[in-house]
Amino acid sequence: MAPPPNGQQPTRLRDHGLQSERLLWPTKGPSHFEQEMGPEEIEQALGLTTLEKAVRWAQTRSMWPDTFGLACCAIEMMSIVSSRYDIARFGMEAFRSSPRQADLLIVSGRVAHKMAAPIRQIYDQMLEPKWVIAMGACASSGGMFNNYTILQGVDRIIPVDIYVPFCPPRPEALMEGIIRLHEAHLAGVPPAYERREVAT
Ligand code: SF4
């Protein structure tokens, strides 16, 4: 917010950062709106944002997850739709089986090599912007399965935004990961596919 001249209390919309041509015109007097509202009322009536921030806010309130449970972690993931955890408060209770209607891929469980191609295909079919959470030690790094059958981290085939640790993570841990993802998106952090490279 630009400070008003001489340290006075802001009385004009332009003092609050609005930058339309009319408001910035030097010889234009206060509008009717500005005249009718006192400084305190203007302060209370204004809610300033940018279109970009408003879109980001809306996206964090409707990040629909794709169902991709692979092993034991999936049971913990499923429980976040229950009333105890209530993922619906973020508008995220719509777990879709179609990747074309999903924004968030929660990979929960160990990823066998034979599942790598289907996961990659599903990820590629999701529309942008899209995000990925690797839930649990197995999805994040292969976990205890350091052998030839298990992919040692799903980030080898798709870019991951958030890693949720533990074996298995409790639903609270997944909720924490989701909230961190929302915070990062609101702060303007781009999705992982814009920041990281993975094998194609
Ligand atoms: S992290 Fe633990 S609970 Fe999750 S899939 Fe691996 S072994 Fe199962």
# chains A, B, ... in the order shown; residues from 1 in each chain; ligands from 1
call {"tool": "closest_atom_pairs", "arguments": {"of": "chain A", "to": "ligand 1", "cutoff": "8 Å", "atoms": "only C-alpha atoms and all ligand atoms", "output": "tab-separated table"}}
result
residue	atom	partner	partner_atom_place_in_ligand_line	distance
A:Leu70	CA	ligand 1	5 (S)	7.2
A:Ala71	CA	ligand 1	5 (S)	4.8
A:Cys72	CA	ligand 1	8 (Fe)	4.2
A:Cys73	CA	ligand 1	4 (Fe)	4.0
A:Ala74	CA	ligand 1	5 (S)	7.5
A:Ser108	CA	ligand 1	5 (S)	6.5
A:Gly109	CA	ligand 1	5 (S)	3.5
A:Arg110	CA	ligand 1	5 (S)	4.9
A:Met135	CA	ligand 1	4 (Fe)	7.3
A:Gly136	CA	ligand 1	1 (S)	4.3
A:Ala137	CA	ligand 1	1 (S)	4.2
A:Cys138	CA	ligand 1	6 (Fe)	4.2
A:Ala139	CA	ligand 1	1 (S)	6.9
A:Gly142	CA	ligand 1	6 (Fe)	7.5
A:Gly143	CA	ligand 1	6 (Fe)	6.0
A:Met144	CA	ligand 1	7 (S)	7.0
A:Pro165	CA	ligand 1	1 (S)	7.9
A:Phe166	CA	ligand 1	1 (S)	6.3
A:Cys167	CA	ligand 1	2 (Fe)	3.6
A:Pro168	CA	ligand 1	3 (S)	3.6
A:Pro169	CA	ligand 1	4 (Fe)	7.1
call {"tool": "select_by_dssp", "arguments": {"residues": "chain A", "states": "strand (DSSP E or B)", "output": "ChimeraX atom specification"}}
result
/A:65-66,69,96,104-108,112,131-135,150,162-164
call {"tool": "closest_residue", "arguments": {"among": "A:Arg100, A:Gly177, A:Val132, A:Ala112", "to": "A:Asn146", "atoms": "only C-alpha atoms"}}
result
A:Ala112
call {"tool": "atom_distance", "arguments": {"atom1": "atom CA of A:Asn147", "atom2": "atom CA of A:Val198"}}
result
21.1 Å
call {"tool": "closest_residue", "arguments": {"among": "A:Ile179, A:Leu105, A:Ala88, A:Val160", "to": "A:Gly69", "atoms": "only C-alpha atoms"}}
result
A:Leu105
call {"tool": "residues_around", "arguments": {"residues": "A:Thr149", "least_positions_apart": "4", "cutoff": "9 Å", "atoms": "only C-alpha atoms", "output": "VMD selection string"}}
result
chain A and resid 111 to 114 145
call {"tool": "write_last_selection", "arguments": {"atoms": "N, CA, C and O atoms", "output": "PDB file, in the first residue's frame"}}
result
ATOM      1  N   VAL A 111       6.001 -48.659  -5.213  1.00  0.00           N
ATOM      2  CA  VAL A 111       5.753 -48.663  -6.659  1.00  0.00           C
ATOM      3  C   VAL A 111       6.578 -49.768  -7.291  1.00  0.00           C
ATOM      4  O   VAL A 111       7.808 -49.656  -7.397  1.00  0.00           O
ATOM      5  N   ALA A 112       5.942 -50.845  -7.682  1.00  0.00           N
ATOM      6  CA  ALA A 112       6.658 -51.903  -8.397  1.00  0.00           C
ATOM      7  C   ALA A 112       7.006 -51.402  -9.801  1.00  0.00           C
ATOM      8  O   ALA A 112       6.302 -50.541 -10.353  1.00  0.00           O
ATOM      9  N   HIS A 113       8.066 -51.954 -10.353  1.00  0.00           N
ATOM     10  CA  HIS A 113       8.491 -51.492 -11.682  1.00  0.00           C
ATOM     11  C   HIS A 113       7.380 -51.661 -12.710  1.00  0.00           C
ATOM     12  O   HIS A 113       7.229 -50.832 -13.609  1.00  0.00           O
ATOM     13  N   LYS A 114       6.578 -52.711 -12.562  1.00  0.00           N
ATOM     14  CA  LYS A 114       5.529 -52.917 -13.567  1.00  0.00           C
ATOM     15  C   LYS A 114       4.443 -51.853 -13.471  1.00  0.00           C
ATOM     16  O   LYS A 114       3.666 -51.688 -14.406  1.00  0.00           O
ATOM     17  N   PHE A 145      12.154 -51.694   0.933  1.00  0.00           N
ATOM     18  CA  PHE A 145      12.247 -52.618  -0.199  1.00  0.00           C
ATOM     19  C   PHE A 145      13.368 -52.201  -1.150  1.00  0.00           C
ATOM     20  O   PHE A 145      13.123 -51.711  -2.254  1.00  0.00           O
TER      21      PHE A 145
END
call {"tool": "residues_around", "arguments": {"residues": "A:Ile162", "least_positions_apart": "6", "cutoff": "9 Å", "atoms": "only C-alpha atoms", "output": "list in words"}}
result
Trp131, Val132, Ile133, Ala134, Met135, Gly177, Ile178, Arg180, Leu181 and Ala192 of chain A
call {"tool": "write_last_selection", "arguments": {"atoms": "N, CA and C atoms", "output": "PDB file, in the first residue's frame"}}
result
ATOM      1  N   TRP A 131      -0.334 -31.614  -9.346  1.00  0.00           N
ATOM      2  CA  TRP A 131       0.621 -31.776  -8.254  1.00  0.00           C
ATOM      3  C   TRP A 131       0.717 -33.245  -7.871  1.00  0.00           C
ATOM      4  N   VAL A 132       1.828 -33.588  -7.213  1.00  0.00           N
ATOM      5  CA  VAL A 132       2.049 -34.979  -6.810  1.00  0.00           C
ATOM      6  C   VAL A 132       2.505 -35.009  -5.356  1.00  0.00           C
ATOM      7  N   ILE A 133       1.892 -35.892  -4.573  1.00  0.00           N
ATOM      8  CA  ILE A 133       2.362 -36.160  -3.219  1.00  0.00           C
ATOM      9  C   ILE A 133       2.853 -37.598  -3.180  1.00  0.00           C
ATOM     10  N   ALA A 134       4.106 -37.793  -2.732  1.00  0.00           N
ATOM     11  CA  ALA A 134       4.617 -39.143  -2.492  1.00  0.00           C
ATOM     12  C   ALA A 134       4.349 -39.460  -1.033  1.00  0.00           C
ATOM     13  N   MET A 135       3.415 -40.398  -0.799  1.00  0.00           N
ATOM     14  CA  MET A 135       2.994 -40.675   0.572  1.00  0.00           C
ATOM     15  C   MET A 135       3.710 -41.916   1.099  1.00  0.00           C
ATOM     16  N   GLY A 177       0.895 -32.695   4.824  1.00  0.00           N
ATOM     17  CA  GLY A 177       1.481 -32.547   3.489  1.00  0.00           C
ATOM     18  C   GLY A 177       0.566 -31.766   2.564  1.00  0.00           C
ATOM     19  N   ILE A 178      -0.730 -32.032   2.645  1.00  0.00           N
ATOM     20  CA  ILE A 178      -1.689 -31.318   1.793  1.00  0.00           C
ATOM     21  C   ILE A 178      -1.718 -29.834   2.152  1.00  0.00           C
ATOM     22  N   ARG A 180       0.701 -28.118   3.527  1.00  0.00           N
ATOM     23  CA  ARG A 180       1.971 -27.524   3.053  1.00  0.00           C
ATOM     24  C   ARG A 180       1.921 -27.252   1.547  1.00  0.00           C
ATOM     25  N   LEU A 181       1.295 -28.178   0.823  1.00  0.00           N
ATOM     26  CA  LEU A 181       1.165 -27.981  -0.626  1.00  0.00           C
ATOM     27  C   LEU A 181       0.308 -26.756  -0.921  1.00  0.00           C
ATOM     28  N   ALA A 192       5.923 -28.904  -9.290  1.00  0.00           N
ATOM     29  CA  ALA A 192       7.238 -29.542  -9.418  1.00  0.00           C
ATOM     30  C   ALA A 192       7.632 -29.759 -10.873  1.00  0.00           C
TER      31      ALA A 192
END
call {"tool": "select_by_dssp", "arguments": {"residues": "stretch 112-147 of chain A", "states": "alpha helix (DSSP H)", "output": "short mmCIF file (atom, residue, chain, number, x, y, z; two decimals) with N, CA and C atoms, in the first residue's frame"}}
result
data_model
loop_
_atom_site.label_atom_id
_atom_site.label_comp_id
_atom_site.auth_asym_id
_atom_site.auth_seq_id
_atom_site.Cartn_x
_atom_site.Cartn_y
_atom_site.Cartn_z
N HIS A 113 8.07 -51.95 -10.35
CA HIS A 113 8.49 -51.49 -11.68
C HIS A 113 7.38 -51.66 -12.71
N LYS A 114 6.58 -52.71 -12.56
CA LYS A 114 5.53 -52.92 -13.57
C LYS A 114 4.44 -51.85 -13.47
N MET A 115 4.37 -51.13 -12.33
CA MET A 115 3.38 -50.06 -12.19
C MET A 115 3.92 -48.71 -12.65
N ALA A 116 5.20 -48.65 -12.98
CA ALA A 116 5.80 -47.35 -13.34
C ALA A 116 5.14 -46.78 -14.60
N ALA A 117 4.97 -47.61 -15.60
CA ALA A 117 4.40 -47.11 -16.86
C ALA A 117 2.95 -46.63 -16.67
N PRO A 118 2.09 -47.41 -15.96
CA PRO A 118 0.71 -46.89 -15.74
C PRO A 118 0.69 -45.58 -14.96
N ILE A 119 1.54 -45.46 -13.93
CA ILE A 119 1.55 -44.20 -13.16
C ILE A 119 1.94 -43.03 -14.06
N ARG A 120 2.97 -43.26 -14.86
CA ARG A 120 3.43 -42.19 -15.75
C ARG A 120 2.34 -41.81 -16.76
N GLN A 121 1.63 -42.82 -17.25
CA GLN A 121 0.57 -42.55 -18.21
C GLN A 121 -0.55 -41.73 -17.56
N ILE A 122 -0.92 -42.13 -16.35
CA ILE A 122 -1.97 -41.38 -15.63
C ILE A 122 -1.52 -39.95 -15.37
N TYR A 123 -0.27 -39.79 -14.94
CA TYR A 123 0.24 -38.45 -14.67
C TYR A 123 0.20 -37.60 -15.95
N ASP A 124 0.61 -38.19 -17.05
CA ASP A 124 0.63 -37.44 -18.31
C ASP A 124 -0.77 -37.05 -18.76
N GLN A 125 -1.78 -37.83 -18.38
CA GLN A 125 -3.14 -37.52 -18.79
C GLN A 125 -3.78 -36.45 -17.92
N GLY A 136 4.50 -41.70 2.14
CA GLY A 136 5.14 -42.84 2.80
C GLY A 136 6.57 -43.07 2.32
N ALA A 137 7.30 -43.86 3.12
CA ALA A 137 8.71 -44.13 2.82
C ALA A 137 8.87 -44.85 1.49
N CYS A 138 7.96 -45.78 1.17
CA CYS A 138 8.12 -46.56 -0.05
C CYS A 138 7.96 -45.69 -1.29
N ALA A 139 6.91 -44.87 -1.34
CA ALA A 139 6.70 -44.03 -2.51
C ALA A 139 7.81 -42.98 -2.63
N SER A 140 8.34 -42.54 -1.49
CA SER A 140 9.36 -41.49 -1.51
C SER A 140 10.73 -42.02 -1.89
N SER A 141 11.06 -43.23 -1.41
CA SER A 141 12.46 -43.69 -1.61
C SER A 141 12.59 -45.20 -1.79
#
